[in-house]
$ cat upload_34.csv   # CSV, C-alpha atoms
chain,number,residue,atom,x,y,z
B,1,MET,CA,-166.1,-69.0,123.0
B,2,THR,CA,-166.7,-71.6,125.6
B,3,GLU,CA,-169.4,-71.1,128.1
B,4,PRO,CA,-168.0,-70.5,131.6
B,5,ALA,CA,-168.9,-73.1,134.1
B,6,ARG,CA,-171.9,-72.2,136.3
B,7,PRO,CA,-172.0,-72.9,140.0
B,8,GLY,CA,-173.0,-76.5,140.7
B,9,LYS,CA,-172.5,-77.5,137.0
B,10,LYS,CA,-170.2,-80.4,136.4
B,11,THR,CA,-167.4,-79.8,134.0
B,12,ASP,CA,-165.7,-82.4,131.9
B,13,VAL,CA,-162.2,-82.5,133.4
B,14,ARG,CA,-159.9,-85.3,132.4
B,15,PRO,CA,-157.7,-87.0,135.0
B,16,ALA,CA,-154.5,-85.6,133.5
B,17,GLU,CA,-156.0,-82.0,133.6
B,18,ALA,CA,-157.0,-82.5,137.2
B,19,GLY,CA,-153.5,-83.4,138.2
B,20,ALA,CA,-154.1,-87.1,138.5
B,21,GLU,CA,-151.1,-89.1,139.5
B,22,PRO,CA,-149.6,-91.7,137.1
B,23,GLY,CA,-151.3,-95.1,137.4
B,24,ARG,CA,-154.7,-93.6,138.4
B,25,ALA,CA,-158.0,-94.0,136.6
B,26,GLY,CA,-157.9,-93.0,133.0
B,27,ASP,CA,-154.3,-94.1,132.4
B,28,GLN,CA,-153.4,-97.2,130.5
B,29,PRO,CA,-152.7,-100.2,132.7
B,30,GLU,CA,-149.1,-100.6,133.9
B,31,PRO,CA,-147.1,-103.3,132.2
B,32,THR,CA,-146.7,-106.4,134.4
B,33,MET,CA,-143.3,-107.3,135.8
B,34,LEU,CA,-143.1,-110.2,133.3
B,35,GLU,CA,-143.8,-107.8,130.4
B,36,GLN,CA,-141.1,-105.4,131.6
B,37,MET,CA,-138.6,-108.3,131.4
B,38,GLY,CA,-139.5,-109.1,127.8
B,39,GLY,CA,-142.4,-111.4,128.3
B,40,VAL,CA,-142.4,-115.2,128.0
B,41,ALA,CA,-140.5,-115.0,124.7
B,42,GLY,CA,-137.7,-113.2,126.6
B,43,LEU,CA,-137.5,-116.0,129.1
B,44,VAL,CA,-137.2,-118.6,126.3
B,45,TYR,CA,-134.8,-116.5,124.2
B,46,SER,CA,-132.4,-116.2,127.1
B,47,SER,CA,-131.9,-119.9,127.2
B,48,VAL,CA,-131.2,-120.4,123.5
B,49,PRO,CA,-127.6,-119.2,123.3
B,50,VAL,CA,-126.6,-121.4,126.3
B,51,ILE,CA,-128.1,-124.5,124.8
B,52,VAL,CA,-126.6,-123.7,121.4
B,53,PHE,CA,-123.1,-123.2,122.9
B,54,VAL,CA,-123.1,-126.5,124.8
B,55,LEU,CA,-124.4,-128.5,121.8
B,56,ALA,CA,-122.0,-126.9,119.3
B,57,ASN,CA,-119.1,-127.2,121.7
B,58,SER,CA,-119.9,-130.9,122.2
B,59,PHE,CA,-120.1,-131.8,118.5
B,60,LEU,CA,-118.0,-129.1,116.7
B,61,GLY,CA,-115.5,-127.8,119.3
B,62,LEU,CA,-115.0,-124.7,121.3
B,63,THR,CA,-114.6,-122.2,118.5
B,64,ALA,CA,-117.8,-123.4,116.8
B,65,GLY,CA,-119.6,-123.2,120.1
B,66,ILE,CA,-118.4,-119.6,120.7
B,67,TRP,CA,-119.5,-118.4,117.3
B,68,SER,CA,-122.8,-120.3,117.4
B,69,ALA,CA,-123.7,-118.8,120.8
B,70,VAL,CA,-122.8,-115.2,119.7
B,71,GLY,CA,-124.6,-115.8,116.3
B,72,SER,CA,-127.8,-117.1,118.0
B,73,ALA,CA,-127.8,-114.1,120.4
B,74,ALA,CA,-127.4,-111.7,117.5
B,75,LEU,CA,-130.2,-113.5,115.6
B,76,ILE,CA,-132.5,-113.2,118.5
B,77,THR,CA,-131.8,-109.4,118.7
B,78,VAL,CA,-132.6,-109.1,115.0
B,79,VAL,CA,-135.8,-111.1,115.4
B,80,ARG,CA,-137.0,-108.9,118.3
B,81,LEU,CA,-136.2,-105.8,116.3
B,82,VAL,CA,-138.2,-107.0,113.2
B,83,ARG,CA,-141.1,-108.0,115.5
B,84,ARG,CA,-140.9,-104.6,117.2
B,85,GLU,CA,-140.5,-106.3,120.6
B,86,SER,CA,-138.5,-104.9,123.5
B,87,LEU,CA,-134.8,-104.9,122.7
B,88,GLN,CA,-133.5,-104.4,126.2
B,89,PRO,CA,-133.6,-108.1,127.2
B,90,ALA,CA,-132.1,-109.1,123.8
B,91,ILE,CA,-129.3,-106.5,124.0
B,92,SER,CA,-128.5,-107.5,127.6
B,93,GLY,CA,-128.4,-111.1,126.6
B,94,LEU,CA,-126.2,-110.4,123.6
B,95,PHE,CA,-123.8,-108.4,125.8
B,96,GLY,CA,-123.6,-111.3,128.4
B,97,VAL,CA,-123.1,-113.9,125.7
B,98,ALA,CA,-120.3,-111.8,124.1
B,99,ILE,CA,-118.5,-111.5,127.4
B,100,GLY,CA,-118.8,-115.2,128.1
B,101,ALA,CA,-117.6,-116.1,124.7
B,102,PHE,CA,-114.6,-113.8,125.0
B,103,ILE,CA,-113.7,-115.4,128.3
B,104,ALA,CA,-114.0,-118.9,126.9
B,105,TYR,CA,-111.8,-117.9,124.0
B,106,ARG,CA,-109.2,-116.4,126.2
B,107,THR,CA,-109.1,-119.3,128.6
B,108,GLY,CA,-109.4,-121.9,125.9
B,109,SER,CA,-112.0,-123.7,128.0
B,110,ALA,CA,-115.7,-124.2,127.4
B,111,LYS,CA,-116.5,-123.7,131.1
B,112,GLY,CA,-115.1,-120.2,130.8
B,113,PHE,CA,-118.3,-119.3,129.0
B,114,PHE,CA,-120.1,-119.4,132.3
B,115,LEU,CA,-117.4,-117.6,134.5
B,116,PHE,CA,-118.8,-114.1,134.0
B,117,GLY,CA,-122.3,-115.1,135.1
B,118,ILE,CA,-120.9,-116.9,138.1
B,119,TRP,CA,-119.1,-113.9,139.5
B,120,ALA,CA,-121.8,-111.5,138.4
B,121,SER,CA,-124.2,-113.5,140.6
B,122,LEU,CA,-121.9,-113.0,143.6
B,123,VAL,CA,-121.8,-109.2,142.9
B,124,TYR,CA,-125.6,-109.0,142.6
B,125,CYS,CA,-126.0,-110.9,145.8
B,126,GLY,CA,-123.7,-108.5,147.6
B,127,VAL,CA,-125.4,-105.4,146.1
B,128,PHE,CA,-128.9,-106.6,147.1
B,129,VAL,CA,-127.8,-107.3,150.7
B,130,LEU,CA,-126.0,-104.0,151.0
B,131,SER,CA,-129.1,-102.1,149.8
B,132,VAL,CA,-131.0,-103.7,152.7
B,133,VAL,CA,-128.3,-102.7,155.2
B,134,VAL,CA,-128.4,-99.0,154.1
B,135,ARG,CA,-132.3,-99.1,154.1
B,136,TRP,CA,-132.7,-98.7,150.4
B,137,PRO,CA,-133.9,-102.2,149.4
B,138,LEU,CA,-133.4,-102.5,145.7
B,139,SER,CA,-136.6,-104.3,145.0
B,140,GLY,CA,-138.5,-101.2,146.1
B,141,VAL,CA,-136.2,-98.8,144.4
B,142,ILE,CA,-136.3,-100.6,141.1
B,143,TRP,CA,-140.1,-101.0,141.2
B,144,SER,CA,-140.7,-97.3,142.1
B,145,PHE,CA,-138.3,-96.3,139.3
B,146,LEU,CA,-140.0,-98.5,136.7
B,147,ASN,CA,-143.5,-97.4,137.6
B,148,GLY,CA,-142.9,-93.8,138.8
B,149,THR,CA,-144.6,-94.4,142.1
B,150,GLY,CA,-142.1,-92.4,144.2
B,151,THR,CA,-140.5,-93.3,147.5
B,152,ALA,CA,-143.3,-92.9,149.9
B,153,TRP,CA,-142.9,-96.6,150.8
B,154,ARG,CA,-139.6,-95.8,152.5
B,155,ARG,CA,-141.4,-93.7,155.1
B,156,ASP,CA,-143.7,-96.6,156.1
B,157,LYS,CA,-141.7,-99.1,158.1
B,158,PRO,CA,-144.0,-102.1,157.3
B,159,SER,CA,-143.7,-101.3,153.6
B,160,ARG,CA,-140.0,-101.0,153.7
B,161,PHE,CA,-139.8,-104.3,155.7
B,162,GLY,CA,-141.7,-106.1,153.0
B,163,TYR,CA,-139.3,-104.8,150.4
B,164,ASP,CA,-136.4,-105.9,152.6
B,165,ILE,CA,-137.8,-109.4,152.5
B,166,ALA,CA,-138.2,-109.3,148.7
B,167,THR,CA,-134.7,-107.9,148.2
B,168,LEU,CA,-133.2,-110.6,150.4
B,169,ALA,CA,-135.1,-113.3,148.4
B,170,LEU,CA,-133.5,-112.0,145.3
B,171,ALA,CA,-130.1,-111.9,147.1
B,172,ALA,CA,-130.7,-115.6,148.0
B,173,VAL,CA,-131.3,-116.5,144.4
B,174,PHE,CA,-128.0,-114.9,143.2
B,175,GLY,CA,-126.1,-116.4,146.2
B,176,ALA,CA,-127.4,-119.9,145.4
B,177,ARG,CA,-126.4,-119.4,141.8
B,178,PHE,CA,-122.9,-118.5,142.7
B,179,VAL,CA,-122.4,-121.4,145.2
B,180,VAL,CA,-123.9,-124.1,142.9
B,181,GLN,CA,-122.4,-122.9,139.6
B,182,ARG,CA,-119.0,-122.2,141.2
B,183,TRP,CA,-118.8,-125.8,142.5
B,184,LEU,CA,-119.8,-127.1,139.1
B,185,TYR,CA,-117.1,-124.9,137.5
B,186,ASP,CA,-114.4,-126.2,139.8
B,187,ALA,CA,-115.5,-129.8,139.1
B,188,ASP,CA,-115.3,-129.2,135.3
B,189,TYR,CA,-119.0,-130.2,134.8
B,190,THR,CA,-119.6,-128.0,131.7
B,191,GLY,CA,-122.9,-129.7,130.7
B,192,TRP,CA,-124.3,-129.4,134.3
B,193,LEU,CA,-123.2,-125.8,134.3
B,194,ALA,CA,-125.4,-125.1,131.4
B,195,PHE,CA,-128.3,-127.0,133.0
B,196,ALA,CA,-127.8,-125.1,136.3
B,197,LYS,CA,-127.6,-121.7,134.5
B,198,ILE,CA,-131.0,-122.4,132.8
B,199,ALA,CA,-132.7,-124.1,135.8
B,200,MET,CA,-131.5,-121.5,138.3
B,201,GLY,CA,-132.2,-118.7,135.9
B,202,TRP,CA,-135.7,-117.5,135.1
B,203,PRO,CA,-137.5,-120.4,137.0
B,204,LEU,CA,-135.7,-119.6,140.3
B,205,TYR,CA,-135.9,-115.9,139.6
B,206,GLY,CA,-139.6,-116.2,139.1
B,207,LEU,CA,-140.0,-117.6,142.6
B,208,ALA,CA,-138.2,-114.6,144.0
B,209,LEU,CA,-140.4,-112.3,141.9
B,210,LEU,CA,-143.5,-113.7,143.6
B,211,VAL,CA,-142.0,-112.4,146.9
B,212,VAL,CA,-141.5,-109.0,145.1
B,213,VAL,CA,-145.1,-109.0,143.9
B,214,TRP,CA,-146.3,-109.7,147.5
B,215,ALA,CA,-144.2,-106.8,148.8
B,216,VAL,CA,-145.5,-104.5,146.1
B,217,ARG,CA,-149.2,-105.3,146.7
B,218,ARG,CA,-148.7,-105.2,150.5
B,219,SER,CA,-147.1,-101.8,150.3
B,220,ASP,CA,-149.6,-100.4,147.8
B,221,LYS,CA,-152.5,-101.5,150.0
B,222,ARG,CA,-150.9,-99.9,153.1
B,223,LEU,CA,-150.1,-96.6,151.4
B,224,LYS,CA,-153.6,-96.4,150.0
B,225,ALA,CA,-155.1,-97.0,153.4
B,226,LEU,CA,-152.8,-94.3,154.9
B,227,GLU,CA,-153.7,-91.9,152.2
B,228,ASP,CA,-157.4,-92.5,152.6
B,229,ALA,CA,-157.1,-92.0,156.4
B,230,ARG,CA,-155.2,-88.8,156.0
B,231,ALA,CA,-157.7,-87.5,153.4
B,232,ALA,CA,-160.6,-88.4,155.8
B,233,GLU,CA,-158.8,-86.6,158.7
B,234,GLU,CA,-158.3,-83.5,156.6
B,235,ALA,CA,-161.9,-83.5,155.4
B,236,ASP,CA,-163.1,-83.9,159.0
B,237,ALA,CA,-160.9,-81.0,160.2
B,238,GLU,CA,-162.1,-78.8,157.3
B,239,ALA,CA,-165.7,-79.7,158.2
B,240,ARG,CA,-165.2,-78.7,161.9
B,241,LEU,CA,-163.6,-75.4,160.8
B,242,ARG,CA,-166.5,-74.6,158.5
B,243,LEU,CA,-169.0,-75.4,161.3
B,244,LYS,CA,-167.1,-73.2,163.6
B,245,TYR,CA,-166.7,-70.1,161.4
B,246,ASP,CA,-169.7,-70.4,159.2
B,247,SER,CA,-172.3,-70.7,162.0
B,248,PRO,CA,-174.2,-67.4,162.8
B,249,PRO,CA,-173.1,-65.6,166.0
B,250,GLN,CA,-175.0,-66.3,169.1
B,251,GLU,CA,-177.2,-63.4,170.5
B,252,ALA,CA,-176.2,-62.0,173.9
$ encode --input "upload_34.csv" --output "structure tokens"
Amino acid sequence: MTEPARPGKKTDVRPAEAGAEPGRAGDQPEPTMLEQMGGVAGLVYSSVPVIVFVLANSFLGLTAGIWSAVGSAALITVVRLVRRESLQPAISGLFGVAIGAFIAYRTGSAKGFFLFGIWASLVYCGVFVLSVVVRWPLSGVIWSFLNGTGTAWRRDKPSRFGYDIATLALAAVFGARFVVQRWLYDADYTGWLAFAKIAMGWPLYGLALLVVVWAVRRSDKRLKALEDARAAEEADAEARLRLKYDSPPQEA
């Protein structure tokens, strides 16, 4: 039998047993945003099928380009599986490449490979802007979902405003992709389309993520300060009550 805890004796209580919140001391560090997207390897792998498609299409024709792009995306998925890396970026990439390849096959044009991504950028831009309008900025929603931090940031106007800015930065990235790549598509610049897809992909997305990181850190700092202030106020109120009710009665 274990000895009951004596008054004033410290007990060994782990954070999880004490009801500690996720992300507090004792937990493993949260994965960074880059790690959640597949790491540096994921950024490199996402460019490989595009480059393979353009090169194979230039030298071997459209059919070879299509099958080469799909094959390279499938190979990347297998490699990540064997190396026990995150499959989500690879599967998403394979799905996108397959759709692009199908459109290129149906249209009989190499530039059709990029058509899905072009219109997807416009849809993403619209969704991000709409989320700001309805006061649920997606950068905050996605971050809180991935890290299980809740939605307390929505009740703090400065925090929500920071996530509004971050969400609009992401919307600007997708809007710029649509405008530039749509123009290149209409002008039949397939090679430049591939360059724009890569250059306006992770590099440009990374700049927007810097704004997201700023919003996250700003919000976390504010929420922690508010929580500390509320805890101090509650402790002060408790101390006043103890002083009032624990003091001996005054003699008449």
$ atom_distance --input "upload_34.csv" --atom1 "CA of Phe174 in chain B" --atom2 "CA of Arg106 in chain B"
25.4 Å
$ closest_residue --input "upload_34.csv" --among "B:Tyr163, B:Tyr185, B:Phe195, B:Phe145" --to "Leu115 in chain B" --atoms "only C-alpha atoms"
B:Tyr185
$ residues_around --input "upload_34.csv" --residues "range 47-53 of chain B" --least-positions-apart "6" --cutoff "9 Å" --atoms "all atoms listed in the file" --output "list in words"
Leu62, Ala64, Gly65, Ile66, Trp67, Ser68, Ala69, Val70, Gly71, Ser72, Ala73, Ile76, Gly93, Leu94, Val97, Ala110, Phe113, Ala194, Phe195, Lys197, Ile198 and Gly201 of chain B
$ closest_residue --input "upload_34.csv" --among "B:Val132, B:Ile91, B:Val213, B:Val173" --to "Val79 in chain B" --atoms "only C-alpha atoms"
B:Ile91
$ residues_near_point --input "upload_34.csv" --point "(-134.8, -102.4, 147.9)" --cutoff "10 Å" --atoms "all atoms listed in the file" --output "JSON, numbers by chain"
{"B": [128, 129, 130, 131, 132, 133, 134, 135, 136, 137, 138, 139, 140, 141, 142, 143, 144, 154, 160, 161, 162, 163, 164, 165, 166, 167, 168, 212]}
$ axis_aligned_box --input "upload_34.csv" --around "range 120-139 of chain B" --padding-each-side "8 Å" --output "JSON"
{"center_x": -129.2, "center_y": -106.1, "center_z": 146.8, "size_x": 30.8, "size_y": 30.8, "size_z": 32.8}
$ atom_distance --input "upload_34.csv" --atom1 "CA of Ala215 in chain B" --atom2 "CA of Gly150 in chain B"
15.3 Å
$ atom_distance --input "upload_34.csv" --atom1 "CA of Asp156 in chain B" --atom2 "CA of Leu209 in chain B"
21.4 Å
$ residues_around --input "upload_34.csv" --residues "Leu204 in chain B" --least-positions-apart "4" --cutoff "12 Å" --atoms "only C-alpha atoms" --output "short mmCIF file (atom, residue, chain, number, x, y, z; two decimals) with C-alpha atoms, in the frame of the given file"
data_model
loop_
_atom_site.label_atom_id
_atom_site.label_comp_id
_atom_site.auth_asym_id
_atom_site.auth_seq_id
_atom_site.Cartn_x
_atom_site.Cartn_y
_atom_site.Cartn_z
CA LEU B 43 -137.50 -116.00 129.10
CA ALA B 169 -135.10 -113.30 148.40
CA LEU B 170 -133.50 -112.00 145.30
CA ALA B 171 -130.10 -111.90 147.10
CA ALA B 172 -130.70 -115.60 148.00
CA VAL B 173 -131.30 -116.50 144.40
CA PHE B 174 -128.00 -114.90 143.20
CA GLY B 175 -126.10 -116.40 146.20
CA ALA B 176 -127.40 -119.90 145.40
CA ARG B 177 -126.40 -119.40 141.80
CA ALA B 196 -127.80 -125.10 136.30
CA LYS B 197 -127.60 -121.70 134.50
CA ILE B 198 -131.00 -122.40 132.80
CA ALA B 199 -132.70 -124.10 135.80
CA MET B 200 -131.50 -121.50 138.30
CA ALA B 208 -138.20 -114.60 144.00
CA LEU B 209 -140.40 -112.30 141.90
CA LEU B 210 -143.50 -113.70 143.60
CA VAL B 211 -142.00 -112.40 146.90
#
$ closest_residue --input "upload_34.csv" --among "B:Gly126, B:Pro158, B:Gly112, B:Gly148" --to "Leu223 in chain B" --atoms "all atoms listed in the file"
B:Pro158
$ closest_residue --input "upload_34.csv" --among "B:Ala90, B:Gly191, B:Trp119, B:Tyr105" --to "Leu55 in chain B" --atoms "only C-alpha atoms"
B:Gly191
$ closest_residue --input "upload_34.csv" --among "B:Ser109, B:Ser46, B:Val180, B:Phe114" --to "Ser92 in chain B" --atoms "only C-alpha atoms"
B:Ser46
